[in-house]
file query.txt (compact mmCIF, C-alpha atoms and all ligand atoms)
# COMPACT_ATOMS: atom_id res chain seq x y z
CA MET A 1 -1.22 -24.53 -5.07
CA LYS A 2 -4.05 -23.89 -2.61
CA VAL A 3 -4.71 -20.20 -1.97
CA PRO A 4 -3.30 -19.50 1.53
CA VAL A 5 -6.20 -17.27 2.53
CA THR A 6 -9.23 -18.24 4.63
CA VAL A 7 -12.54 -16.67 3.68
CA ILE A 8 -15.57 -17.17 5.91
CA PRO A 9 -18.45 -15.98 3.74
CA ALA A 10 -21.22 -13.76 5.07
CA ARG A 11 -24.34 -15.39 6.45
CA GLY A 12 -27.52 -13.69 7.55
CA LYS A 13 -28.57 -10.21 6.48
CA PRO A 14 -26.50 -8.87 3.58
CA THR A 15 -24.31 -6.08 4.94
CA PRO A 16 -21.84 -3.75 3.19
CA VAL A 17 -18.96 -4.53 5.56
CA VAL A 18 -15.80 -6.62 5.02
CA PHE A 19 -13.39 -7.65 7.80
CA ASP A 20 -9.81 -8.78 7.19
CA SER A 21 -7.01 -10.04 9.42
CA PRO A 22 -3.67 -9.99 7.56
CA HIS A 23 -1.30 -10.77 10.45
CA SER A 24 -2.89 -13.64 12.38
CA GLY A 25 -1.48 -16.38 10.09
CA SER A 26 0.89 -18.87 11.70
CA HIS A 27 2.00 -21.00 8.76
CA TYR A 28 5.76 -20.86 8.07
CA PRO A 29 6.37 -22.26 4.56
CA GLU A 30 9.20 -24.79 4.17
CA ASP A 31 11.35 -22.61 1.95
CA PHE A 32 11.41 -19.74 4.50
CA ASP A 33 14.93 -20.78 5.64
CA TYR A 34 15.32 -18.36 8.57
CA VAL A 35 18.13 -18.47 11.16
CA VAL A 36 16.39 -16.97 14.23
CA PRO A 37 14.31 -19.05 16.69
CA LEU A 38 10.76 -19.67 15.48
CA SER A 39 9.46 -18.28 18.81
CA MET A 40 11.03 -14.92 17.91
CA LEU A 41 9.25 -14.83 14.54
CA ARG A 42 5.99 -15.86 16.18
CA ARG A 43 6.06 -12.72 18.32
CA GLY A 44 5.41 -10.81 15.11
CA GLU A 45 2.01 -12.47 14.66
CA ASP A 46 -1.23 -10.71 15.68
CA PRO A 47 -2.35 -13.86 17.52
CA HIS A 48 -5.91 -15.13 17.02
CA VAL A 49 -7.24 -11.79 15.81
CA GLU A 50 -9.49 -13.59 13.32
CA GLU A 51 -11.10 -15.46 16.25
CA LEU A 52 -11.83 -12.20 18.05
CA PHE A 53 -13.82 -11.05 15.01
CA ALA A 54 -15.55 -14.40 14.46
CA ALA A 55 -18.98 -12.75 14.81
CA ALA A 56 -18.56 -10.93 11.46
CA PRO A 57 -20.08 -13.59 9.14
CA ASP A 58 -23.24 -14.01 11.26
CA ASN A 59 -23.67 -10.26 11.01
CA GLY A 60 -23.59 -10.41 7.21
CA ALA A 61 -19.92 -9.50 6.65
CA PRO A 62 -17.24 -11.81 5.20
CA LEU A 63 -14.11 -12.42 7.26
CA ILE A 64 -10.83 -12.82 5.36
CA ALA A 65 -7.65 -14.03 7.10
CA ALA A 66 -4.11 -14.78 5.94
CA GLU A 67 -2.95 -18.30 6.80
CA PHE A 68 0.76 -17.55 6.27
CA SER A 69 2.95 -15.63 8.70
CA ARG A 70 3.45 -11.92 8.05
CA MET A 71 7.14 -12.56 8.71
CA TYR A 72 7.30 -14.59 5.46
CA ILE A 73 5.67 -11.83 3.44
CA ASP A 74 3.55 -8.97 4.77
CA PRO A 75 0.25 -8.35 2.95
CA ASN A 76 0.13 -4.97 4.69
CA ARG A 77 3.04 -3.59 2.67
CA SER A 78 3.28 -2.50 -0.94
CA ALA A 79 4.68 -5.21 -3.24
CA ALA A 80 7.33 -2.65 -4.26
CA ASP A 81 8.56 -2.16 -0.68
CA ILE A 82 11.68 -4.32 -1.08
CA ASP A 83 15.21 -3.60 0.05
CA PRO A 84 17.48 -4.11 -2.99
CA ASP A 85 20.27 -5.24 -0.63
CA MET A 86 18.29 -8.34 0.42
CA PHE A 87 18.41 -10.23 -2.85
CA ASP A 88 20.76 -11.33 -5.57
CA GLY A 89 20.03 -10.40 -9.15
CA ASP A 90 17.95 -7.78 -10.94
CA TRP A 91 14.42 -6.89 -9.91
CA PRO A 92 12.17 -6.54 -12.96
CA HIS A 93 9.87 -3.84 -11.46
CA PRO A 94 10.33 -0.40 -9.84
CA LEU A 95 11.02 -0.40 -6.09
CA GLU A 96 9.80 2.01 -3.41
CA VAL A 97 12.46 1.92 -0.74
CA SER A 98 11.56 3.77 2.46
CA HIS A 99 13.18 4.25 5.84
CA LYS A 100 11.02 1.30 7.07
CA THR A 101 12.25 -0.93 4.26
CA LYS A 102 15.85 -0.15 5.17
CA SER A 103 15.23 -0.91 8.84
CA GLY A 104 14.07 -4.41 7.86
CA MET A 105 10.30 -3.78 8.11
CA GLY A 106 9.32 -3.87 4.45
CA LEU A 107 7.35 -6.40 2.39
CA ILE A 108 9.75 -9.16 3.42
CA ARG A 109 11.14 -8.48 6.85
CA THR A 110 14.86 -8.94 7.26
CA ARG A 111 15.10 -8.27 11.00
CA SER A 112 13.20 -9.53 14.03
CA GLY A 113 12.86 -8.96 17.76
CA ARG A 114 13.90 -6.12 20.04
CA ASN A 115 17.55 -6.59 19.11
CA ARG A 116 16.72 -6.47 15.41
CA LYS A 117 18.40 -9.79 14.67
CA PRO A 118 18.90 -10.66 11.00
CA ILE A 119 16.29 -13.26 9.97
CA TYR A 120 18.42 -14.60 7.11
CA GLU A 121 22.03 -15.61 6.81
CA ARG A 122 21.79 -15.37 3.05
CA LYS A 123 20.51 -13.20 0.26
CA LEU A 124 17.15 -14.20 -1.17
CA SER A 125 16.77 -15.03 -4.84
CA VAL A 126 14.55 -13.02 -7.17
CA THR A 127 12.62 -16.26 -7.83
CA GLU A 128 11.74 -16.83 -4.19
CA ILE A 129 10.65 -13.21 -3.67
CA ARG A 130 8.46 -13.47 -6.77
CA ASN A 131 7.00 -16.75 -5.45
CA ARG A 132 6.06 -15.09 -2.17
CA ILE A 133 4.41 -12.19 -3.98
CA GLU A 134 2.57 -14.27 -6.58
CA ASN A 135 1.43 -17.12 -4.33
CA TYR A 136 0.84 -15.34 -1.00
CA TRP A 137 0.67 -11.54 -1.22
CA GLN A 138 -1.28 -11.35 -4.48
CA PRO A 139 -4.00 -13.90 -3.57
CA TYR A 140 -4.56 -12.04 -0.30
CA HIS A 141 -4.98 -8.72 -2.10
CA ASP A 142 -7.13 -10.26 -4.84
CA THR A 143 -9.46 -11.84 -2.26
CA LEU A 144 -9.87 -8.62 -0.29
CA ARG A 145 -10.26 -6.40 -3.36
CA GLU A 146 -12.88 -8.70 -4.91
CA ALA A 147 -14.90 -8.78 -1.67
CA LEU A 148 -14.80 -4.98 -1.42
CA ASP A 149 -15.65 -4.47 -5.11
CA GLN A 150 -18.59 -6.90 -4.99
CA THR A 151 -19.91 -5.19 -1.87
CA HIS A 152 -19.55 -1.73 -3.38
CA GLU A 153 -21.26 -2.83 -6.58
CA ARG A 154 -24.19 -4.22 -4.63
CA PHE A 155 -24.65 -1.47 -2.03
CA GLY A 156 -22.93 1.57 -3.50
CA ALA A 157 -20.77 1.73 -0.35
CA THR A 158 -18.31 -0.39 1.66
CA TRP A 159 -16.94 -0.30 5.16
CA HIS A 160 -13.71 -2.26 5.48
CA ILE A 161 -12.32 -3.12 8.91
CA ASN A 162 -8.64 -4.08 8.84
CA CYS A 163 -8.05 -6.00 12.10
CA HIS A 164 -4.77 -6.18 14.04
CA SER A 165 -3.32 -6.45 17.51
CA MET A 166 -0.31 -4.57 18.87
CA PRO A 167 2.30 -5.37 21.53
CA SER A 168 1.64 -3.91 24.98
CA LYS A 169 4.93 -2.00 24.69
CA TRP A 170 5.59 0.30 21.74
CA ALA A 171 7.64 -1.63 19.20
CA THR A 172 11.04 -0.71 17.79
CA GLY A 173 10.74 2.09 15.28
CA PHE A 174 8.11 4.05 17.25
CA GLU A 175 9.00 7.23 19.09
CA LYS A 176 8.10 5.65 22.46
CA ALA A 177 9.78 2.28 21.70
CA GLY A 178 9.92 0.05 24.80
CA GLU A 179 7.42 2.12 26.83
CA PRO A 180 3.98 0.71 27.72
CA ASN A 181 1.30 1.60 25.19
CA ASP A 182 -1.55 3.18 27.19
CA ASN A 183 -4.04 2.79 24.36
CA ASP A 184 -6.37 -0.19 24.64
CA TYR A 185 -7.18 0.30 20.98
CA VAL A 186 -5.79 2.48 18.22
CA LEU A 187 -7.89 3.32 15.17
CA GLY A 188 -6.02 4.23 12.01
CA ASN A 189 -7.39 6.03 8.97
CA ARG A 190 -4.13 7.56 7.77
CA ASP A 191 -4.99 10.98 9.17
CA GLY A 192 -8.53 10.96 7.83
CA THR A 193 -7.72 9.89 4.28
CA THR A 194 -9.07 6.30 4.29
CA ALA A 195 -12.35 6.54 6.24
CA GLY A 196 -14.92 9.24 6.95
CA VAL A 197 -15.01 11.14 10.24
CA GLU A 198 -18.52 9.94 11.12
CA PHE A 199 -17.60 6.27 10.85
CA THR A 200 -14.29 6.64 12.68
CA GLU A 201 -16.12 8.51 15.47
CA LEU A 202 -18.76 5.77 15.69
CA VAL A 203 -16.09 3.14 16.32
CA ARG A 204 -14.15 5.36 18.73
CA GLU A 205 -17.28 6.24 20.73
CA THR A 206 -18.44 2.63 20.86
CA LEU A 207 -15.13 1.40 22.28
CA SER A 208 -14.68 4.30 24.67
CA GLY A 209 -18.31 3.77 25.76
CA PHE A 210 -17.23 0.28 26.87
CA GLY A 211 -14.70 2.01 29.16
CA PHE A 212 -11.49 1.76 27.09
CA ASN A 213 -8.75 4.20 26.07
CA VAL A 214 -8.95 4.66 22.33
CA GLY A 215 -6.25 6.40 20.31
CA VAL A 216 -6.84 7.62 16.77
CA ASN A 217 -3.85 7.70 14.41
CA ASP A 218 -1.63 7.58 17.49
CA GLY A 219 1.54 6.03 16.05
CA GLN A 220 -0.51 3.35 14.31
CA LYS A 221 -2.18 5.11 11.39
CA GLY A 222 -2.80 2.19 9.07
CA VAL A 223 -0.57 1.03 6.23
CA GLU A 224 -1.09 -0.56 2.81
CA LEU A 225 -4.37 -2.44 3.19
CA VAL A 226 -6.38 0.57 4.37
CA ARG A 227 -4.65 2.76 1.79
CA ALA A 228 -4.99 0.53 -1.27
CA TYR A 229 -8.76 0.15 -1.67
CA SER A 230 -10.21 3.12 0.19
CA ASP A 231 -11.86 6.19 -1.30
CA PRO A 232 -14.09 7.85 1.31
CA GLU A 233 -15.52 10.37 -1.19
CA ASN A 234 -16.92 7.43 -3.12
CA GLU A 235 -18.15 5.69 0.04
CA ARG A 236 -15.25 3.27 0.32
CA HIS A 237 -14.18 3.46 3.94
CA SER A 238 -11.22 1.52 5.37
CA LEU A 239 -10.36 1.67 9.06
CA GLN A 240 -7.57 -0.13 10.88
CA ILE A 241 -8.20 -1.40 14.42
CA GLU A 242 -5.27 -2.32 16.66
CA ILE A 243 -6.16 -4.20 19.85
CA ASN A 244 -3.62 -4.00 22.66
CA ARG A 245 -2.50 -7.61 23.17
CA ARG A 246 -2.42 -7.31 26.95
CA LEU A 247 -6.24 -7.33 26.79
CA TYR A 248 -6.30 -10.98 25.66
CA TRP A 249 -2.81 -12.45 25.26
CA ASP A 250 -0.10 -13.56 27.68
CA GLU A 251 2.85 -12.14 25.75
CA ARG A 252 5.51 -13.87 27.85
CA ASN A 253 4.08 -17.39 27.60
CA MET A 254 2.37 -16.80 24.24
CA VAL A 255 -1.00 -18.21 25.27
CA LYS A 256 -4.51 -16.79 25.49
CA ARG A 257 -5.25 -15.12 28.82
CA ASP A 258 -7.87 -17.16 30.65
CA GLY A 259 -11.21 -15.38 30.68
CA HIS A 260 -9.77 -12.25 29.06
CA PHE A 261 -9.75 -13.78 25.60
CA GLU A 262 -13.46 -14.63 25.82
CA GLU A 263 -14.18 -11.19 27.25
CA GLN A 264 -12.37 -9.53 24.36
CA ARG A 265 -14.24 -11.66 21.87
CA LYS A 266 -17.53 -10.50 23.40
CA ILE A 267 -16.45 -6.88 23.13
CA MET A 268 -15.49 -7.33 19.47
CA THR A 269 -18.82 -9.08 18.84
CA ALA A 270 -20.64 -6.04 20.24
CA LEU A 271 -18.49 -3.76 18.08
CA VAL A 272 -19.15 -5.85 14.95
CA GLU A 273 -22.90 -5.55 15.58
CA VAL A 274 -22.70 -1.75 15.91
CA ILE A 275 -20.61 -1.44 12.73
CA CYS A 276 -22.87 -3.72 10.69
CA ASP A 277 -26.08 -2.00 11.87
CA TYR A 278 -24.58 1.38 11.00
CA ALA A 279 -23.47 0.26 7.54
CA ARG A 280 -26.86 -1.25 6.70
CA SER A 281 -28.62 1.91 7.80
CA LYS A 282 -26.29 4.12 5.73
CA ALA A 283 -26.53 1.97 2.63
CA GLY A 284 -30.33 2.02 2.94
ZN ZN B 1 -0.92 -6.35 12.43

call {"tool": "encode", "arguments": {"input": "query.txt", "output": "structure tokens", "more": "lines below"}}
Ligand SMILES: [Zn+2]
result
Amino acid sequence: MKVPVTVIPARGKPTPVVFDSPHSGSHYPEDFDYVVPLSMLRRGEDPHVEELFAAAPDNGAPLIAAEFSRMYIDPNRSAADIDPDMFDGDWPHPLEVSHKTKSGMGLIRTRSGRNRKPIYERKLSVTEIRNRIENYWQPYHDTLREALDQTHERFGATWHINCHSMPSKWATGFEKAGEPNDNDYVLGNRDGTTAGVEFTELVRETLSGFGFNVGVNDGQKGVELVRAYSDPENERHSLQIEINRRLYWDERNMVKRDGHFEEQRKIMTALVEVICDYARSKAG
């Protein structure tokens, strides 16, 4: 089976930065067998985020993107984040069941949309969950981890940018669910544990210097992908960026906003340049 992950290798000056986009995939594998409308599932995608960061490779940083939908399996969750009520049979590994798992937002989502509709009319089998982990989740993690390890080996440091977009209204599960999100961007470093202060400040200042509202760890703090491979004390920095979709996406009609999409891509190109220049200067 082909690995369902796109990697655009770095070109140009070698740079200790890696970008990844885990939620922009729009492939819905045939065995998904969901019972909600596809358009409802598609609202869970972070649409075209990998295109917004397309300048990364020319700035010396690889760009990794999932091809499969995060609604099928979410690379940004732990592989143990599975609700035991969603499958038949015995799971061969330990599970970490959280409040989020139980509300249907774990590794394999069981609910979708504002009304939290059940995605399945059936229980999943252990075999199909294992297939999703082994053939989708694992290759994504392996690809990202290898890119970060190679970069760290070569430069002694890595800066990992985990790229997302967020709905213009706070999603279900957040304290302000349903209210407009006033942040244009939210940076997440899990309360300072996944990226250094200096780097986080650089990104915050750059975006606010362009005239935007930038939240830091405001609701969106980063999840599994910034947690898993970061270690700021050993110069492994991982920062999540959430872009407010209203800046580039027509959420009602699910199309790019004319002009705004290109504008947003230019802004992200400028940000990529700042981040890559910084990382090269720090890694000497
Ligand atoms: Zn996302």

call {"tool": "residues_around", "arguments": {"input": "query.txt", "residues": "Leu148 (chain A)", "least_positions_apart": "2", "cutoff": "9 Å", "atoms": "all atoms listed in the file", "output": "count of residues only"}}
result
16

call {"tool": "residues_around", "arguments": {"input": "query.txt", "residues": "Gly104 (chain A)", "least_positions_apart": "4", "cutoff": "12 Å", "atoms": "all atoms listed in the file", "output": "MDAnalysis selection string"}}
result
chainID A and resid 71 74 81:86 97:100 108:113 115:120 172:173

call {"tool": "closest_atom_pairs", "arguments": {"input": "query.txt", "of": "chain A", "to": "ligand ZN 1 (chain B)", "cutoff": "6 Å", "atoms": "only C-alpha atoms and all ligand atoms", "output": "Markdown table"}}
result
| residue | atom | partner | partner_atom | distance |
| --- | --- | --- | --- | --- |
| A:His23 | CA | B:ZN1 | ZN | 4.9 |
| A:Asp46 | CA | B:ZN1 | ZN | 5.4 |
| A:His164 | CA | B:ZN1 | ZN | 4.2 |
| A:Ser165 | CA | B:ZN1 | ZN | 5.6 |

call {"tool": "residues_around", "arguments": {"input": "query.txt", "residues": "Phe87 (chain A)", "least_positions_apart": "3", "cutoff": "6 Å", "atoms": "all atoms listed in the file", "output": "ChimeraX atom specification"}}
result
/A:123-125

call {"tool": "write_last_selection", "arguments": {"input": "query.txt", "atoms": "C-alpha atoms", "output": "CSV table (one decimal), keeping the file's coordinate frame"}}
result
chain,number,residue,atom,x,y,z
A,123,LYS,CA,20.5,-13.2,0.3
A,124,LEU,CA,17.2,-14.2,-1.2
A,125,SER,CA,16.8,-15.0,-4.8

call {"tool": "atom_distance", "arguments": {"input": "query.txt", "atom1": "CA of Arg245 (chain A)", "atom2": "CA of Asp33 (chain A)"}}
result
28.0 Å

call {"tool": "closest_residue", "arguments": {"input": "query.txt", "among": "A:Pro47, A:Gly25, A:Gly12, A:Gly89", "to": "Asn59 (chain A)", "atoms": "all atoms listed in the file"}}
result
A:Gly12

call {"tool": "atom_distance", "arguments": {"input": "query.txt", "atom1": "CA of Glu67 (chain A)", "atom2": "CA of His27 (chain A)"}}
result
6.0 Å

call {"tool": "residues_around", "arguments": {"input": "query.txt", "residues": "Leu38 (chain A)", "least_positions_apart": "2", "cutoff": "12 Å", "atoms": "all atoms listed in the file", "output": "PyMOL selection string"}}
result
chain A and resi 26-28+32-36+40-45+69+71-72+112-113+119

call {"tool": "atom_distance", "arguments": {"input": "query.txt", "atom1": "CA of Ala61 (chain A)", "atom2": "CA of Asp218 (chain A)"}}
result
27.3 Å

call {"tool": "residues_around", "arguments": {"input": "query.txt", "residues": "Glu262 (chain A)", "least_positions_apart": "3", "cutoff": "12 Å", "atoms": "only C-alpha atoms", "output": "NGL selection string"}}
result
:A and (48 or 51-54 or 247-249 or 256-259 or 265-269)

call {"tool": "closest_residue", "arguments": {"input": "query.txt", "among": "A:Ala195, A:Ile73, A:Ala80, A:Leu271", "to": "Asn131 (chain A)", "atoms": "all atoms listed in the file"}}
result
A:Ile73

call {"tool": "closest_residue", "arguments": {"input": "query.txt", "among": "A:Arg190, A:Lys169, A:Lys13, A:Arg130", "to": "Gln220 (chain A)", "atoms": "all atoms listed in the file"}}
result
A:Arg190

call {"tool": "residues_near_point", "arguments": {"input": "query.txt", "point": "(-12.1, -10.8, 9.6)", "cutoff": "10 Å", "atoms": "all atoms listed in the file", "output": "MDAnalysis selection string"}}
result
chainID A and resid 6:8 18:22 49:57 61:66 160:164

call {"tool": "axis_aligned_box", "arguments": {"input": "query.txt", "around": "region 21-32 of chain A", "padding_each_side": "4 Å", "output": "AutoDock Vina command-line options"}}
result
--center_x 2.2 --center_y -17.4 --center_z 7.2 --size_x 26.4 --size_y 22.8 --size_z 18.4

call {"tool": "closest_residue", "arguments": {"input": "query.txt", "among": "A:Arg122, A:Arg114, A:Arg77, A:Arg252", "to": "Thr101 (chain A)", "atoms": "only C-alpha atoms"}}
result
A:Arg77

call {"tool": "closest_residue", "arguments": {"input": "query.txt", "among": "A:Pro75, A:Lys282, A:Asn183, A:Gln240", "to": "Arg132 (chain A)", "atoms": "only C-alpha atoms"}}
result
A:Pro75

call {"tool": "closest_residue", "arguments": {"input": "query.txt", "among": "A:Asp184, A:Asp277, A:Trp170, A:Asp31", "to": "Thr127 (chain A)", "atoms": "only C-alpha atoms"}}
result
A:Asp31
